[in-house]
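As structure tokens, the structure follows; a few thoughts come after it.
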Amino acid sequence: MAATLAAAMAAAALAAQESPSYTLGGEVEARPFARYAGSGNFAASDLSYGQASVLGLELAAAGERARLAVSTEAAVLSGSAAADAWAAAGAATYAGLDSAGLLLVPAYSAAAGPAAPPTLLEARIRALYLKLDFDWLSLTAGRQVVKYRRGELWSPTDPFTELDLSGLSPVRRGSDALRLVLPLGATGAFDLVAAPSAGFSRGRYAARLSGLLSGVDAAAIGYRDGGAGAWSFGTDFKVDLGLSLDGEALCSIPDAGTAWVRAACGADYSFGDFIVAAEYYYNGGGATADPNAPGSHNAFATLSWKASDFLAVAATLVDGISSGSWTAALTASLDAAQNAELGAYARCVYLGTASPAPWIAESGLDIKVKF
């Protein structure tokens with residue numbers, strides 16, 4: 001709804017300005033991989049192969065006070081990649097989750113059962129918004145990423161952003177929303193966001209006050225999720241003392257039921273060609289509050305090394321302490337040519353003893369070309 005409104009407003013806003021500038025870019029990505037999923041006995045039936053081929057396009061038009069941005073993504077998935085997308089669509093269907101405008105061809109059908117088609121097409125509009133920027137306010141309407149996050153991975157006070165962990169690195173997907181930002185001095189802002197639904201009372205709304213105080217970048221937020229029937233109030237901060245520290249906490253109070261708290265704290269530090277970061281996340285609301293980290297206690301750590309001007313290596317660990325699951329990954333990225341990147345990765349996932357196939361090991365390539 002908001003994305004459509006943005007497109008309608010854009011033509012009139014840009015047409016009223018002289019000589020708007022246009023940019024068009026994109027990225028082609030191919031990710032072939034091999035996977036083992038089983039109990040540790042290494043049967044041939046536990047081995048599989050997958051391929052994801054992705055095309056992303058970005059178009060932007062900017063005038064003196066207005067900017068229109070469109071970002072689209074289409075992916076052809078086969079083998080295990082298609083099975084992953086099919087399972088995710090089924091989980092969203094049964095849980096009533098928002099697919100964020102995802103088009104899946106063929107469309108998911110519960111009658112088809114768990115067996116996925118051999119090939120799937122996924123497509124979505126990642127962003128479509130119009131931004132009007134004045135000295136005393138900015139107004140953005142359409143599909144956009146409302147960036148409130150502080151943490152490296154988890155961010156309880158970032159309620160409008162959907163975290164997608166299906167790829168090699170976390171991707172934050174946007175919301176159809178209307179955002180009004182009023183600057184307060186050089187470093188502060190009062191931020192109002194509305195993501196309405198068909199019924200006004202079931203929409204999502206937030207007010208956030210942020211600013212820099214004695215070297216601490218801090219904010220407070222109030223949030224209403226009409227669909228879930230809950231109010232949330234939280235605060236977050238980030239400070240750089242050589243060692244960069246961040247923290248946030250959010251208390252959610254449902255209209256009926258018991259309140260819960262989610263909180264995260266983290267740190268990152270760079271020395272030479274290395275960057276190390278760690279984060280702890282407490283999720284008091286379980287899977288209802290955060291399906292990506294249903295356990296109460298979670299931890300994340302990463303170490304990255306820029307080996308040269310062309311080669312970067314990173315190791316990460318995500319530990320669901322309470323759930324007994326964990327993920328370890330090693331990635332390497334090489335700038336093979338101008339606008340071309342060649343990556344390789346290996347990761348191991350343990351889902352816990354409750355899973356019939358608790359062990360997943362995967363290795364593959366990630367080839368990207370930008371234009």
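Starting from 1 in every chain, residues are counted up; chains themselves are A, B, ... following the order of the structure tokens, and ligands are numbered from 1 as listed.
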
_Residues near Glu152 of chain A, anyone? I mean within 12 Å using only C-alpha atoms, not counting same-chain ones fewer than 2 positions away, as a PyMOL selection string._
chain A and resi 148-150+154-156+163+169-172+238+244-248+264-268+276-281+299-302+316+318

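Excluding Gly50 of chain A and any residue on its chain fewer than 3 positions from it, the residues at most 6 Å away by only C-alpha atoms are Pro32, Phe33, Ser78, Gly79, Ser80 and Ala81 of chain A.
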
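Going from atom CA of Asp366 of chain A to atom CA of Glu73 of chain A covers 16.6 Å.
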
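Counting only C-alpha atoms, Ala256 of chain A has the following residues at most 12 Å away, ignoring those fewer than 6 positions along the same chain: Ala228, Gly229, Ala230 and Trp231 of chain A.
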
Using only N, CA and C atoms, please write the residues we just selected to a file, as a PDB file, in the first residue's frame.
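Written output follows (again_21.pdb):
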ATOM      1  N   ALA A 228      -0.111  -7.983  16.938  1.00  0.00           N
ATOM      2  CA  ALA A 228       0.229  -8.830  18.080  1.00  0.00           C
ATOM      3  C   ALA A 228      -0.488  -8.396  19.347  1.00  0.00           C
ATOM      4  N   GLY A 229      -1.076  -7.184  19.321  1.00  0.00           N
ATOM      5  CA  GLY A 229      -1.765  -6.684  20.510  1.00  0.00           C
ATOM      6  C   GLY A 229      -0.812  -6.420  21.656  1.00  0.00           C
ATOM      7  N   ALA A 230       0.236  -5.608  21.431  1.00  0.00           N
ATOM      8  CA  ALA A 230       1.230  -5.371  22.477  1.00  0.00           C
ATOM      9  C   ALA A 230       1.856  -4.002  22.311  1.00  0.00           C
ATOM     10  N   TRP A 231       2.202  -3.386  23.471  1.00  0.00           N
ATOM     11  CA  TRP A 231       3.003  -2.170  23.536  1.00  0.00           C
ATOM     12  C   TRP A 231       4.429  -2.551  23.911  1.00  0.00           C
TER      13      TRP A 231
END

*asked:* Please identify the strand (DSSP E) residues within segment 88-287 of chain A (assignment by DSSP from backbone atoms) and present them as a ChimeraX atom specification.
replied: /A:103-105,119-133,138-144,162-164,171-173,175-184,188-195,204-213,216-225,230-241,243-254,260-271,274-283

Got time to write the residues from that selection, C-alpha atoms, as a compact mmCIF listing (two decimals), in the first residue's frame?
# COMPACT_ATOMS: atom_id res chain seq x y z
CA LEU A 103 6.34 -14.00 -5.22
CA LEU A 104 6.97 -17.74 -5.37
CA VAL A 105 6.41 -19.67 -8.63
CA THR A 119 13.07 -25.51 -9.55
CA LEU A 120 11.52 -22.39 -8.04
CA LEU A 121 11.39 -18.74 -9.01
CA GLU A 122 11.43 -16.16 -6.22
CA ALA A 123 10.90 -12.46 -6.79
CA ARG A 124 10.31 -9.50 -4.56
CA ILE A 125 10.48 -5.70 -4.48
CA ARG A 126 13.12 -5.04 -1.83
CA ALA A 127 12.57 -1.27 -1.80
CA LEU A 128 10.25 1.21 -3.46
CA TYR A 129 10.07 4.57 -1.77
CA LEU A 130 9.94 8.30 -2.30
CA LYS A 131 11.86 10.55 0.06
CA LEU A 132 11.22 14.29 0.37
CA ASP A 133 14.07 16.01 2.20
CA SER A 138 12.26 14.45 5.85
CA LEU A 139 9.32 12.32 4.77
CA THR A 140 9.73 8.82 3.29
CA ALA A 141 6.81 6.77 1.95
CA GLY A 142 7.00 3.23 0.60
CA ARG A 143 8.90 0.00 1.17
CA GLN A 144 12.03 0.91 3.11
CA GLU A 162 12.82 -8.49 9.25
CA LEU A 163 16.08 -10.40 9.70
CA ASP A 164 16.70 -12.97 6.95
CA VAL A 171 19.94 -9.48 5.31
CA ARG A 172 17.51 -6.95 6.74
CA ARG A 173 14.30 -6.66 4.75
CA SER A 175 8.53 -2.67 5.56
CA ASP A 176 5.81 -0.73 3.78
CA ALA A 177 5.80 2.35 5.96
CA LEU A 178 5.48 6.10 6.24
CA ARG A 179 8.40 7.74 8.09
CA LEU A 180 8.70 11.33 9.32
CA VAL A 181 12.02 12.54 10.77
CA LEU A 182 12.40 15.89 12.52
CA PRO A 183 16.07 16.82 13.12
CA LEU A 184 16.92 18.13 16.59
CA GLY A 188 19.48 14.40 17.37
CA ALA A 189 16.16 13.49 15.76
CA PHE A 190 12.54 12.75 16.54
CA ASP A 191 11.40 9.86 14.38
CA LEU A 192 7.79 8.77 13.70
CA VAL A 193 7.04 5.58 11.71
CA ALA A 194 3.69 4.07 10.71
CA ALA A 195 3.29 0.70 8.97
CA ARG A 204 2.53 -1.00 13.65
CA TYR A 205 3.54 2.44 14.93
CA ALA A 206 6.63 3.84 16.63
CA ALA A 207 8.07 7.06 18.02
CA ARG A 208 11.83 7.31 18.63
CA LEU A 209 13.93 10.08 20.16
CA SER A 210 17.69 9.93 19.53
CA GLY A 211 20.71 12.10 20.14
CA LEU A 212 24.36 12.38 21.17
CA LEU A 213 24.94 13.10 24.86
CA VAL A 216 27.09 8.51 23.92
CA ASP A 217 24.75 7.95 20.96
CA ALA A 218 21.49 7.00 22.68
CA ALA A 219 17.79 6.60 21.86
CA ALA A 220 14.43 5.77 23.42
CA ILE A 221 11.54 4.15 21.56
CA GLY A 222 7.84 3.47 22.07
CA TYR A 223 6.22 0.92 19.75
CA ARG A 224 2.71 -0.42 19.17
CA ASP A 225 2.16 -3.71 17.33
CA ALA A 230 1.23 -5.37 22.48
CA TRP A 231 3.00 -2.17 23.54
CA SER A 232 6.81 -2.06 23.72
CA PHE A 233 9.17 0.47 25.28
CA GLY A 234 12.92 0.41 24.98
CA THR A 235 16.25 2.20 24.94
CA ASP A 236 19.60 1.68 23.24
CA PHE A 237 23.07 3.21 23.11
CA LYS A 238 26.41 3.05 21.32
CA VAL A 239 29.72 4.53 22.48
CA ASP A 240 33.26 4.39 21.11
CA LEU A 241 36.02 4.19 23.70
CA LEU A 243 36.55 -0.46 22.11
CA SER A 244 33.09 0.15 20.61
CA LEU A 245 30.25 -0.80 22.97
CA ASP A 246 26.52 -1.04 22.30
CA GLY A 247 23.47 -2.17 24.23
CA GLU A 248 19.69 -2.17 24.02
CA ALA A 249 16.66 -3.41 25.89
CA LEU A 250 12.98 -3.65 25.00
CA CYS A 251 10.06 -4.48 27.30
CA SER A 252 6.91 -5.76 25.55
CA ILE A 253 3.56 -5.57 27.35
CA PRO A 254 0.76 -7.56 25.64
CA TRP A 260 8.64 -10.02 28.55
CA VAL A 261 12.03 -8.40 28.01
CA ARG A 262 14.56 -8.74 25.21
CA ALA A 263 18.05 -7.27 25.57
CA ALA A 264 21.38 -7.35 23.76
CA CYS A 265 24.88 -6.06 24.43
CA GLY A 266 27.95 -6.21 22.25
CA ALA A 267 31.45 -4.95 21.58
CA ASP A 268 33.81 -4.72 18.63
CA TYR A 269 37.48 -3.82 18.37
CA SER A 270 39.93 -3.48 15.50
CA PHE A 271 43.67 -4.05 15.65
CA PHE A 274 41.77 -7.75 12.26
CA ILE A 275 38.29 -6.90 13.55
CA VAL A 276 36.73 -8.88 16.38
CA ALA A 277 33.11 -8.53 17.55
CA ALA A 278 30.94 -10.33 20.09
CA GLU A 279 27.31 -10.03 21.19
CA TYR A 280 25.01 -11.53 23.83
CA TYR A 281 21.25 -11.64 23.31
CA TYR A 282 18.55 -12.41 25.88
CA ASN A 283 15.14 -13.26 24.41

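Using only C-alpha atoms for every distance, the candidate list A:Ala340, A:Ala312, A:Ala60, A:Leu330 yields A:Leu330 as the residue closest to Glu362 of chain A.
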
Mind listing the alpha helix (DSSP H) residues of segment 275-313 of chain A, per DSSP on the backbone, as a PDB file with N, CA and C atoms, in the first residue's frame?
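Final output, selection-v8.pdb:
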ATOM      1  N   GLY A 286      10.703 -15.791  23.758  1.00  0.00           N
ATOM      2  CA  GLY A 286      10.707 -17.049  23.017  1.00  0.00           C
ATOM      3  C   GLY A 286      10.463 -16.857  21.533  1.00  0.00           C
ATOM      4  N   ALA A 287       9.983 -17.917  20.876  1.00  0.00           N
ATOM      5  CA  ALA A 287       9.788 -17.885  19.426  1.00  0.00           C
ATOM      6  C   ALA A 287       8.742 -16.856  19.003  1.00  0.00           C
ATOM      7  N   THR A 288       7.803 -16.522  19.881  1.00  0.00           N
ATOM      8  CA  THR A 288       6.790 -15.512  19.559  1.00  0.00           C
ATOM      9  C   THR A 288       7.442 -14.165  19.325  1.00  0.00           C
ATOM     10  N   ALA A 289       8.441 -13.847  20.135  1.00  0.00           N
ATOM     11  CA  ALA A 289       9.125 -12.563  20.019  1.00  0.00           C
ATOM     12  C   ALA A 289      10.167 -12.564  18.916  1.00  0.00           C
TER      13      ALA A 289
END
